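Below is one structure, written out as structure tokens, with a few remarks after it.
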Amino acid sequence: MDVTRVTWKISVLGALGAGKSSIISRMIYDSEGSASQPRSIQKKTLSISRGGRKVMVDLLFLELDDGKNNEKLIMGSNAILVVSDLTDAGSLRSADSTFKIIKKFNSKSLVFLVATKLDRKYEAAYWTRELDEISKRDDVRYFLVSAKTGDGVSELMESLTSNLLDKFLSKKEKNA
Ligand SMILES: Nc1nc2c(ncn2[C@@H]2O[C@H](COP(=O)(O)OP(=O)(O)OP(=O)(O)O)[C@@H](O)[C@H]2O)c(=O)[nH]1
Ligand SMILES: [Mg+2]
């Protein structure tokens with residue numbers, strides 16, 4: 001079987017305390033993890049098979065402060081996950097302005113809105129109406145997830161990796 005290796009950089013942005021570290025832990029270890037882990041690059045390796053081709057993927061997760069000063073790093077990543085906290089309306093406004101910055105830089109990255117803390121939905125400060133609005137306006141897909149219970153995380157991972165794989169394979173074909 002044809003084996004290809006790729007590395008994808010995933011920037012994780014979002015307001016203070018939105019749940020960035022927790023969702024990274026959940027995506028990498030499928031556990032709640034410790035939210036107090038120092039900011040650093042964290043790696044997850046996975047193998048995807050598609051059409052007789054095997055792709056070994058290194059996902060590099062990078063937790064960053066919103067926008068400012070990190071533009072080069074952020075715009076150069078394959079995907080940007082903007083995390084908002086369902087119990088904090090301010091975190092959604094902050095995500096909205098982050099999307100505007102991303103657009104301004106004309107980034108080619110895949111951009112997702114990750115609305116987290118779904119396990120606390122009874123305290124939600126916004127819901128699908130607001131998310132649908134932002135999703136339309138900023139042209140991003142959104143996911144409802146919980147780092148605590150793991151709800152929605154496999155759908156997020158699946159969309160992230162299959163979208164990046166599509167991009168990667170179509171680019172490879174163009175260059176072939
Ligand atoms: N109930 C619940 N709490 C969560 C969830 N995700 C994160 N938290 C809590 O929210 C707080 C902040 O989570 P972090 O993952 O540290 O958030 P962060 O965005 O990395 O925070 P900073 O790096 O300080 O900006 C912690 O107390 C977490 O335990 C979730 O899905 N559900
Ligand atoms: Mg953090």
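Just remember, in the structure tokens the first chain shown is A, the second B, etc., residues are 1-based per chain, and ligands are 1-based in the order shown.
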Return as JSON lines the residues of chain A lying at most 8 Å from ligand 1, together with the closest atom-to-atom pair for each and the distance in Å to one decimal, counting only C-alpha atoms and all ligand atoms, with rows in chain order and ascending residue number.
```
{"residue": "A:Leu13", "atom": "CA", "partner": "ligand 1", "partner_atom_place_in_ligand_line": "19 (O)", "distance": 7.9}
{"residue": "A:Gly14", "atom": "CA", "partner": "ligand 1", "partner_atom_place_in_ligand_line": "19 (O)", "distance": 6.3}
{"residue": "A:Ala15", "atom": "CA", "partner": "ligand 1", "partner_atom_place_in_ligand_line": "25 (O)", "distance": 6.1}
{"residue": "A:Leu16", "atom": "CA", "partner": "ligand 1", "partner_atom_place_in_ligand_line": "25 (O)", "distance": 3.4}
{"residue": "A:Gly17", "atom": "CA", "partner": "ligand 1", "partner_atom_place_in_ligand_line": "21 (O)", "distance": 3.3}
{"residue": "A:Ala18", "atom": "CA", "partner": "ligand 1", "partner_atom_place_in_ligand_line": "19 (O)", "distance": 4.0}
{"residue": "A:Gly19", "atom": "CA", "partner": "ligand 1", "partner_atom_place_in_ligand_line": "17 (O)", "distance": 3.2}
{"residue": "A:Lys20", "atom": "CA", "partner": "ligand 1", "partner_atom_place_in_ligand_line": "19 (O)", "distance": 3.8}
{"residue": "A:Ser21", "atom": "CA", "partner": "ligand 1", "partner_atom_place_in_ligand_line": "20 (O)", "distance": 3.7}
{"residue": "A:Ser22", "atom": "CA", "partner": "ligand 1", "partner_atom_place_in_ligand_line": "15 (O)", "distance": 3.6}
{"residue": "A:Ile23", "atom": "CA", "partner": "ligand 1", "partner_atom_place_in_ligand_line": "6 (N)", "distance": 6.3}
{"residue": "A:Ile24", "atom": "CA", "partner": "ligand 1", "partner_atom_place_in_ligand_line": "15 (O)", "distance": 8.0}
{"residue": "A:Ser34", "atom": "CA", "partner": "ligand 1", "partner_atom_place_in_ligand_line": "29 (O)", "distance": 7.8}
{"residue": "A:Ala35", "atom": "CA", "partner": "ligand 1", "partner_atom_place_in_ligand_line": "16 (O)", "distance": 4.1}
{"residue": "A:Ser36", "atom": "CA", "partner": "ligand 1", "partner_atom_place_in_ligand_line": "16 (O)", "distance": 5.9}
{"residue": "A:Arg39", "atom": "CA", "partner": "ligand 1", "partner_atom_place_in_ligand_line": "23 (O)", "distance": 7.4}
{"residue": "A:Glu63", "atom": "CA", "partner": "ligand 1", "partner_atom_place_in_ligand_line": "20 (O)", "distance": 7.6}
{"residue": "A:Asp65", "atom": "CA", "partner": "ligand 1", "partner_atom_place_in_ligand_line": "25 (O)", "distance": 7.4}
{"residue": "A:Val83", "atom": "CA", "partner": "ligand 1", "partner_atom_place_in_ligand_line": "19 (O)", "distance": 7.6}
{"residue": "A:Asp85", "atom": "CA", "partner": "ligand 1", "partner_atom_place_in_ligand_line": "6 (N)", "distance": 8.0}
{"residue": "A:Thr116", "atom": "CA", "partner": "ligand 1", "partner_atom_place_in_ligand_line": "31 (O)", "distance": 5.3}
{"residue": "A:Lys117", "atom": "CA", "partner": "ligand 1", "partner_atom_place_in_ligand_line": "31 (O)", "distance": 3.4}
{"residue": "A:Leu118", "atom": "CA", "partner": "ligand 1", "partner_atom_place_in_ligand_line": "31 (O)", "distance": 6.1}
{"residue": "A:Asp119", "atom": "CA", "partner": "ligand 1", "partner_atom_place_in_ligand_line": "32 (N)", "distance": 5.7}
{"residue": "A:Arg120", "atom": "CA", "partner": "ligand 1", "partner_atom_place_in_ligand_line": "1 (N)", "distance": 5.7}
{"residue": "A:Val145", "atom": "CA", "partner": "ligand 1", "partner_atom_place_in_ligand_line": "31 (O)", "distance": 6.8}
{"residue": "A:Ser146", "atom": "CA", "partner": "ligand 1", "partner_atom_place_in_ligand_line": "31 (O)", "distance": 3.6}
{"residue": "A:Ala147", "atom": "CA", "partner": "ligand 1", "partner_atom_place_in_ligand_line": "31 (O)", "distance": 3.6}
{"residue": "A:Lys148", "atom": "CA", "partner": "ligand 1", "partner_atom_place_in_ligand_line": "31 (O)", "distance": 4.3}
{"residue": "A:Thr149", "atom": "CA", "partner": "ligand 1", "partner_atom_place_in_ligand_line": "31 (O)", "distance": 6.9}
{"residue": "A:Gly150", "atom": "CA", "partner": "ligand 1", "partner_atom_place_in_ligand_line": "31 (O)", "distance": 7.7}
```
Let me see the file: selected residues, N, CA, C and O atoms, as a short mmCIF file (atom, residue, chain, number, x, y, z; two decimals), in the first residue's frame.
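The resulting file, again.cif, is shown below:
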```cif
data_model
loop_
_atom_site.label_atom_id
_atom_site.label_comp_id
_atom_site.auth_asym_id
_atom_site.auth_seq_id
_atom_site.Cartn_x
_atom_site.Cartn_y
_atom_site.Cartn_z
N LEU A 13 -7.37 28.68 19.24
CA LEU A 13 -7.52 30.03 19.78
C LEU A 13 -8.80 30.12 20.60
O LEU A 13 -9.66 29.26 20.51
N GLY A 14 -8.95 31.21 21.32
CA GLY A 14 -10.19 31.42 22.06
C GLY A 14 -9.95 32.24 23.31
O GLY A 14 -8.82 32.34 23.79
N ALA A 15 -11.04 32.78 23.84
CA ALA A 15 -10.97 33.66 25.01
C ALA A 15 -10.34 32.94 26.20
O ALA A 15 -10.29 31.70 26.24
N LEU A 16 -9.89 33.72 27.15
CA LEU A 16 -9.31 33.20 28.38
C LEU A 16 -10.31 32.25 29.06
O LEU A 16 -11.46 32.60 29.25
N GLY A 17 -9.84 31.06 29.37
CA GLY A 17 -10.69 30.11 30.09
C GLY A 17 -11.80 29.48 29.26
O GLY A 17 -12.68 28.80 29.79
N ALA A 18 -11.78 29.69 27.95
CA ALA A 18 -12.84 29.16 27.10
C ALA A 18 -12.85 27.62 27.10
O ALA A 18 -13.90 27.00 26.90
N GLY A 19 -11.68 27.02 27.32
CA GLY A 19 -11.61 25.56 27.32
C GLY A 19 -10.64 25.00 26.30
O GLY A 19 -10.75 23.84 25.90
N LYS A 20 -9.67 25.82 25.87
CA LYS A 20 -8.72 25.42 24.83
C LYS A 20 -7.88 24.21 25.26
O LYS A 20 -7.82 23.20 24.55
N SER A 21 -7.23 24.31 26.43
CA SER A 21 -6.35 23.22 26.87
C SER A 21 -7.16 21.93 27.05
O SER A 21 -6.70 20.85 26.69
N SER A 22 -8.36 22.06 27.59
CA SER A 22 -9.19 20.88 27.86
C SER A 22 -9.61 20.17 26.57
O SER A 22 -9.59 18.95 26.50
N ILE A 23 -9.95 20.96 25.55
CA ILE A 23 -10.41 20.30 24.32
C ILE A 23 -9.21 19.67 23.59
O ILE A 23 -9.34 18.62 22.96
N ILE A 24 -8.04 20.29 23.72
CA ILE A 24 -6.84 19.69 23.12
C ILE A 24 -6.57 18.33 23.80
O ILE A 24 -6.34 17.32 23.12
N SER A 34 -5.41 17.52 32.23
CA SER A 34 -5.29 18.59 33.22
C SER A 34 -5.31 19.90 32.48
O SER A 34 -4.56 20.13 31.54
N ALA A 35 -6.19 20.76 32.92
CA ALA A 35 -6.38 22.03 32.24
C ALA A 35 -5.18 22.95 32.49
O ALA A 35 -5.04 23.96 31.84
N SER A 36 -4.35 22.58 33.44
CA SER A 36 -3.27 23.50 33.82
C SER A 36 -1.97 23.19 33.09
O SER A 36 -0.93 23.74 33.43
N ARG A 39 1.39 25.85 28.16
CA ARG A 39 1.16 25.99 26.72
C ARG A 39 2.35 25.45 25.96
O ARG A 39 3.47 25.83 26.21
N GLU A 63 -1.69 25.80 21.25
CA GLU A 63 -2.63 26.69 21.93
C GLU A 63 -2.08 28.11 21.97
O GLU A 63 -0.96 28.33 22.43
N ASP A 65 -2.85 32.58 22.27
CA ASP A 65 -3.74 33.67 22.64
C ASP A 65 -4.41 34.19 21.38
O ASP A 65 -3.90 34.03 20.29
N VAL A 83 -12.19 28.40 19.86
CA VAL A 83 -12.99 27.80 20.92
C VAL A 83 -13.83 28.88 21.61
O VAL A 83 -13.31 29.93 21.97
N ASP A 85 -16.92 29.32 24.77
CA ASP A 85 -17.52 28.68 25.94
C ASP A 85 -19.03 28.93 25.90
O ASP A 85 -19.46 30.09 25.91
N THR A 116 -17.74 24.88 23.26
CA THR A 116 -17.47 23.81 24.22
C THR A 116 -18.26 23.99 25.53
O THR A 116 -18.99 24.96 25.70
N LYS A 117 -18.10 23.01 26.42
CA LYS A 117 -18.81 22.93 27.71
C LYS A 117 -20.28 22.58 27.49
O LYS A 117 -21.16 23.03 28.22
N LEU A 118 -20.52 21.74 26.50
CA LEU A 118 -21.87 21.27 26.18
C LEU A 118 -22.53 20.57 27.37
O LEU A 118 -23.75 20.57 27.50
N ASP A 119 -21.72 19.97 28.24
CA ASP A 119 -22.28 19.32 29.44
C ASP A 119 -22.96 20.33 30.37
O ASP A 119 -23.74 19.96 31.23
N ARG A 120 -22.67 21.62 30.17
CA ARG A 120 -23.31 22.67 30.98
C ARG A 120 -24.36 23.42 30.16
O ARG A 120 -24.59 24.61 30.37
N VAL A 145 -19.41 20.70 21.56
CA VAL A 145 -18.62 19.63 22.18
C VAL A 145 -18.53 19.82 23.70
O VAL A 145 -18.83 20.88 24.24
N SER A 146 -18.11 18.75 24.35
CA SER A 146 -17.76 18.84 25.76
C SER A 146 -16.43 18.14 25.97
O SER A 146 -16.28 16.97 25.60
N ALA A 147 -15.46 18.86 26.55
CA ALA A 147 -14.18 18.23 26.86
C ALA A 147 -14.35 17.34 28.08
O ALA A 147 -13.59 16.40 28.30
N LYS A 148 -15.38 17.63 28.86
CA LYS A 148 -15.60 16.88 30.09
C LYS A 148 -16.15 15.48 29.79
O LYS A 148 -15.65 14.49 30.31
N THR A 149 -17.18 15.41 28.94
CA THR A 149 -17.80 14.10 28.65
C THR A 149 -17.31 13.51 27.33
O THR A 149 -17.52 12.34 27.06
N GLY A 150 -16.71 14.32 26.49
CA GLY A 150 -16.26 13.85 25.19
C GLY A 150 -17.34 13.96 24.11
O GLY A 150 -17.09 13.65 22.94
#
```
Using only C-alpha atoms, which protein or nucleic acid residues come within 12 Å of Leu60 in chain A? Drop anything in the same chain fewer than 6 positions from it, and give the result as a count of residues only. 21
Check the DSSP output for the backbone and give back, as a ChimeraX atom specification, the residues of chain A in alpha helix (DSSP H). /A:20-29,71-75,89-104,128-138,153-175
Given the selection you just returned, output its residues as a file containing C-alpha atoms, formatted as a PDB file, in the first residue's frame.
```pdb
ATOM      1  CA  LYS A  20      -8.715  25.418  24.832  1.00  0.00           C
ATOM      2  CA  SER A  21      -6.354  23.218  26.874  1.00  0.00           C
ATOM      3  CA  SER A  22      -9.189  20.879  27.860  1.00  0.00           C
ATOM      4  CA  ILE A  23     -10.406  20.299  24.319  1.00  0.00           C
ATOM      5  CA  ILE A  24      -6.845  19.691  23.123  1.00  0.00           C
ATOM      6  CA  SER A  25      -6.415  17.035  25.844  1.00  0.00           C
ATOM      7  CA  ARG A  26      -9.701  15.441  24.867  1.00  0.00           C
ATOM      8  CA  MET A  27      -8.751  15.370  21.189  1.00  0.00           C
ATOM      9  CA  ILE A  28      -5.328  13.903  21.889  1.00  0.00           C
ATOM     10  CA  TYR A  29      -5.799  11.563  24.829  1.00  0.00           C
ATOM     11  CA  GLU A  71      -0.572  36.140  13.085  1.00  0.00           C
ATOM     12  CA  LYS A  72       2.191  34.458  11.117  1.00  0.00           C
ATOM     13  CA  LEU A  73       1.937  31.316  13.173  1.00  0.00           C
ATOM     14  CA  ILE A  74      -1.831  31.212  12.987  1.00  0.00           C
ATOM     15  CA  MET A  75      -2.174  31.968   9.294  1.00  0.00           C
ATOM     16  CA  ALA A  89     -21.473  35.132  25.723  1.00  0.00           C
ATOM     17  CA  GLY A  90     -18.273  37.200  25.662  1.00  0.00           C
ATOM     18  CA  SER A  91     -16.312  34.234  24.367  1.00  0.00           C
ATOM     19  CA  LEU A  92     -18.582  34.051  21.322  1.00  0.00           C
ATOM     20  CA  ARG A  93     -18.085  37.751  20.582  1.00  0.00           C
ATOM     21  CA  SER A  94     -14.376  37.195  20.895  1.00  0.00           C
ATOM     22  CA  ALA A  95     -14.584  34.266  18.440  1.00  0.00           C
ATOM     23  CA  ASP A  96     -16.512  36.485  16.030  1.00  0.00           C
ATOM     24  CA  SER A  97     -13.760  39.106  16.047  1.00  0.00           C
ATOM     25  CA  THR A  98     -11.104  36.420  15.635  1.00  0.00           C
ATOM     26  CA  PHE A  99     -12.878  35.237  12.453  1.00  0.00           C
ATOM     27  CA  LYS A 100     -12.745  38.792  11.125  1.00  0.00           C
ATOM     28  CA  ILE A 101      -8.988  38.938  11.743  1.00  0.00           C
ATOM     29  CA  ILE A 102      -8.505  35.572  10.047  1.00  0.00           C
ATOM     30  CA  LYS A 103     -10.503  36.749   7.037  1.00  0.00           C
ATOM     31  CA  LYS A 104      -8.468  39.934   6.809  1.00  0.00           C
ATOM     32  CA  THR A 128     -27.807  27.232  17.887  1.00  0.00           C
ATOM     33  CA  ARG A 129     -29.619  30.398  16.764  1.00  0.00           C
ATOM     34  CA  GLU A 130     -26.590  32.548  17.583  1.00  0.00           C
ATOM     35  CA  LEU A 131     -24.194  29.872  16.336  1.00  0.00           C
ATOM     36  CA  ASP A 132     -26.071  29.538  13.037  1.00  0.00           C
ATOM     37  CA  GLU A 133     -25.881  33.314  12.625  1.00  0.00           C
ATOM     38  CA  ILE A 134     -22.130  33.476  13.183  1.00  0.00           C
ATOM     39  CA  SER A 135     -21.607  30.400  11.085  1.00  0.00           C
ATOM     40  CA  LYS A 136     -23.360  32.057   8.129  1.00  0.00           C
ATOM     41  CA  ARG A 137     -21.837  35.472   8.598  1.00  0.00           C
ATOM     42  CA  ASP A 138     -18.256  34.297   9.038  1.00  0.00           C
ATOM     43  CA  VAL A 153     -15.446  15.364  19.897  1.00  0.00           C
ATOM     44  CA  SER A 154     -15.278  12.404  17.514  1.00  0.00           C
ATOM     45  CA  GLU A 155     -17.435  14.321  14.975  1.00  0.00           C
ATOM     46  CA  LEU A 156     -15.075  17.272  15.300  1.00  0.00           C
ATOM     47  CA  MET A 157     -11.980  15.082  14.832  1.00  0.00           C
ATOM     48  CA  GLU A 158     -13.559  13.273  11.904  1.00  0.00           C
ATOM     49  CA  SER A 159     -14.455  16.504  10.085  1.00  0.00           C
ATOM     50  CA  LEU A 160     -11.087  18.049  10.836  1.00  0.00           C
ATOM     51  CA  THR A 161      -9.050  15.139   9.506  1.00  0.00           C
ATOM     52  CA  SER A 162     -11.236  14.343   6.505  1.00  0.00           C
ATOM     53  CA  ASN A 163     -11.339  17.993   5.401  1.00  0.00           C
ATOM     54  CA  LEU A 164      -7.574  18.327   5.737  1.00  0.00           C
ATOM     55  CA  LEU A 165      -7.084  15.061   3.884  1.00  0.00           C
ATOM     56  CA  ASP A 166      -9.315  16.264   1.018  1.00  0.00           C
ATOM     57  CA  LYS A 167      -7.280  19.465   0.776  1.00  0.00           C
ATOM     58  CA  PHE A 168      -4.021  17.558   0.917  1.00  0.00           C
ATOM     59  CA  LEU A 169      -4.982  14.998  -1.720  1.00  0.00           C
ATOM     60  CA  SER A 170      -6.380  17.543  -4.174  1.00  0.00           C
ATOM     61  CA  LYS A 171      -3.200  19.601  -3.874  1.00  0.00           C
ATOM     62  CA  LYS A 172      -1.110  16.487  -4.406  1.00  0.00           C
ATOM     63  CA  GLU A 173      -3.078  15.634  -7.545  1.00  0.00           C
ATOM     64  CA  LYS A 174      -2.609  19.136  -8.908  1.00  0.00           C
ATOM     65  CA  ASN A 175       1.133  18.891  -8.413  1.00  0.00           C
TER      66      ASN A 175
END
```
Pick out the closest residue to ligand 2 from this set: A:Asn106, A:Leu64, A:Val3, A:Arg50. Count only C-alpha atoms and all ligand atoms.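 Under the stated criterion, the closest residue is A:Leu64.
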Run DSSP on the backbone and give me the residues of chain A it puts in strand (DSSP E or B), as a CSV table (one decimal) with N, CA and C atoms, in the first residue's frame.
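File written: out.csv
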```csv
chain,number,residue,atom,x,y,z
A,2,ASP,N,0.4,2.2,-0.7
A,2,ASP,CA,1.1,3.5,-0.8
A,2,ASP,C,1.0,4.2,0.6
A,3,VAL,N,2.1,4.5,1.2
A,3,VAL,CA,2.1,5.2,2.5
A,3,VAL,C,2.6,6.6,2.4
A,4,THR,N,1.8,7.6,2.9
A,4,THR,CA,2.3,9.0,2.8
A,4,THR,C,2.3,9.5,4.2
A,5,ARG,N,3.3,10.3,4.5
A,5,ARG,CA,3.4,11.0,5.8
A,5,ARG,C,3.1,12.5,5.7
A,6,VAL,N,2.2,13.0,6.6
A,6,VAL,CA,2.0,14.4,6.6
A,6,VAL,C,2.0,15.0,8.0
A,7,THR,N,2.3,16.2,8.1
A,7,THR,CA,2.2,16.9,9.4
A,7,THR,C,1.2,18.1,9.2
A,8,TRP,N,0.2,18.2,10.1
A,8,TRP,CA,-0.7,19.3,10.0
A,8,TRP,C,-0.7,20.1,11.3
A,9,LYS,N,-0.5,21.4,11.1
A,9,LYS,CA,-0.5,22.3,12.3
A,9,LYS,C,-1.9,22.8,12.6
A,10,ILE,N,-2.3,22.6,13.8
A,10,ILE,CA,-3.7,23.1,14.2
A,10,ILE,C,-3.5,24.1,15.3
A,11,SER,N,-3.9,25.4,15.0
A,11,SER,CA,-3.9,26.4,16.0
A,11,SER,C,-5.2,26.4,16.8
A,12,VAL,N,-5.1,26.5,18.1
A,12,VAL,CA,-6.3,26.5,18.9
A,12,VAL,C,-6.4,27.9,19.6
A,13,LEU,N,-7.4,28.7,19.2
A,13,LEU,CA,-7.5,30.0,19.8
A,13,LEU,C,-8.8,30.1,20.6
A,14,GLY,N,-8.9,31.2,21.3
A,14,GLY,CA,-10.2,31.4,22.1
A,14,GLY,C,-9.9,32.2,23.3
A,41,ILE,N,3.4,22.8,22.2
A,41,ILE,CA,2.9,22.0,21.1
A,41,ILE,C,2.6,20.6,21.6
A,42,GLN,N,1.5,20.1,21.2
A,42,GLN,CA,1.2,18.7,21.6
A,42,GLN,C,0.9,17.9,20.3
A,43,LYS,N,1.3,16.7,20.3
A,43,LYS,CA,1.2,15.9,19.1
A,43,LYS,C,0.3,14.7,19.2
A,44,LYS,N,-0.4,14.5,18.2
A,44,LYS,CA,-1.2,13.2,18.1
A,44,LYS,C,-0.9,12.6,16.7
A,45,THR,N,-0.6,11.3,16.7
A,45,THR,CA,-0.3,10.6,15.5
A,45,THR,C,-1.5,9.7,15.2
A,46,LEU,N,-2.0,9.7,13.9
A,46,LEU,CA,-3.0,8.8,13.5
A,46,LEU,C,-2.8,8.3,12.1
A,47,SER,N,-3.4,7.2,11.8
A,47,SER,CA,-3.3,6.7,10.4
A,47,SER,C,-4.7,6.7,9.8
A,48,ILE,N,-4.8,7.2,8.6
A,48,ILE,CA,-6.1,7.2,7.9
A,48,ILE,C,-5.9,6.5,6.6
A,49,SER,N,-6.9,5.6,6.2
A,49,SER,CA,-6.9,4.9,5.0
A,49,SER,C,-7.9,5.5,4.1
A,50,ARG,N,-7.5,5.7,2.9
A,50,ARG,CA,-8.5,6.2,1.9
A,50,ARG,C,-8.1,5.8,0.5
A,53,ARG,N,-4.9,4.1,-0.2
A,53,ARG,CA,-3.8,4.9,0.2
A,53,ARG,C,-3.8,5.0,1.7
A,54,LYS,N,-2.6,4.9,2.3
A,54,LYS,CA,-2.5,5.0,3.8
A,54,LYS,C,-1.8,6.3,4.1
A,55,VAL,N,-2.4,7.1,4.9
A,55,VAL,CA,-1.8,8.4,5.3
A,55,VAL,C,-1.5,8.4,6.8
A,56,MET,N,-0.2,8.6,7.1
A,56,MET,CA,0.2,8.7,8.5
A,56,MET,C,0.2,10.2,8.8
A,57,VAL,N,-0.6,10.6,9.8
A,57,VAL,CA,-0.7,12.0,10.1
A,57,VAL,C,-0.2,12.4,11.4
A,58,ASP,N,0.7,13.4,11.5
A,58,ASP,CA,1.0,14.0,12.8
A,58,ASP,C,0.2,15.3,12.9
A,59,LEU,N,-0.6,15.3,13.9
A,59,LEU,CA,-1.4,16.6,14.2
A,59,LEU,C,-0.6,17.3,15.3
A,60,LEU,N,-0.2,18.5,15.0
A,60,LEU,CA,0.5,19.4,16.0
A,60,LEU,C,-0.5,20.4,16.5
A,61,PHE,N,-0.9,20.3,17.8
A,61,PHE,CA,-1.8,21.3,18.3
A,61,PHE,C,-1.1,22.3,19.1
A,62,LEU,N,-1.4,23.6,18.8
A,62,LEU,CA,-0.7,24.7,19.3
A,62,LEU,C,-1.8,25.7,19.9
A,63,GLU,N,-1.7,25.8,21.3
A,63,GLU,CA,-2.6,26.7,21.9
A,63,GLU,C,-2.1,28.1,22.0
A,79,ALA,N,-5.1,24.2,10.0
A,79,ALA,CA,-6.5,24.5,10.6
A,79,ALA,C,-6.4,25.4,11.8
A,80,ILE,N,-7.5,26.2,11.9
A,80,ILE,CA,-7.6,27.0,13.1
A,80,ILE,C,-8.9,26.7,13.8
A,81,LEU,N,-8.8,26.3,15.0
A,81,LEU,CA,-10.0,26.0,15.8
A,81,LEU,C,-10.2,27.2,16.8
A,82,VAL,N,-11.3,27.8,16.7
A,82,VAL,CA,-11.6,28.9,17.6
A,82,VAL,C,-12.6,28.4,18.6
A,83,VAL,N,-12.2,28.4,19.9
A,83,VAL,CA,-13.0,27.8,20.9
A,83,VAL,C,-13.8,28.9,21.6
A,84,SER,N,-15.1,28.6,21.8
A,84,SER,CA,-16.0,29.5,22.6
A,84,SER,C,-16.6,28.7,23.7
A,85,ASP,N,-16.9,29.3,24.8
A,85,ASP,CA,-17.5,28.7,25.9
A,85,ASP,C,-19.0,28.9,25.9
A,110,LEU,N,-8.2,25.9,7.2
A,110,LEU,CA,-9.5,25.4,7.5
A,110,LEU,C,-9.9,26.0,8.9
A,111,VAL,N,-11.1,26.6,8.9
A,111,VAL,CA,-11.5,27.3,10.2
A,111,VAL,C,-12.8,26.7,10.7
A,112,PHE,N,-12.7,26.3,12.0
A,112,PHE,CA,-13.9,25.8,12.7
A,112,PHE,C,-14.2,26.6,14.0
A,113,LEU,N,-15.4,26.7,14.3
A,113,LEU,CA,-15.8,27.2,15.6
A,113,LEU,C,-16.2,26.1,16.5
A,114,VAL,N,-15.5,26.0,17.6
A,114,VAL,CA,-15.8,24.9,18.6
A,114,VAL,C,-16.4,25.4,19.8
A,115,ALA,N,-17.7,25.2,19.9
A,115,ALA,CA,-18.5,25.7,21.1
A,115,ALA,C,-18.4,24.6,22.2
A,116,THR,N,-17.7,24.9,23.3
A,116,THR,CA,-17.5,23.8,24.2
A,116,THR,C,-18.3,24.0,25.5
A,141,ARG,N,-17.9,26.5,9.9
A,141,ARG,CA,-18.7,25.4,10.5
A,141,ARG,C,-18.6,25.4,12.0
A,142,TYR,N,-19.6,25.0,12.7
A,142,TYR,CA,-19.4,25.0,14.2
A,142,TYR,C,-19.7,23.6,14.7
A,143,PHE,N,-19.2,23.3,15.9
A,143,PHE,CA,-19.3,22.0,16.5
A,143,PHE,C,-19.7,22.3,18.0
A,144,LEU,N,-20.6,21.5,18.5
A,144,LEU,CA,-21.0,21.6,19.9
A,144,LEU,C,-20.3,20.4,20.6
```
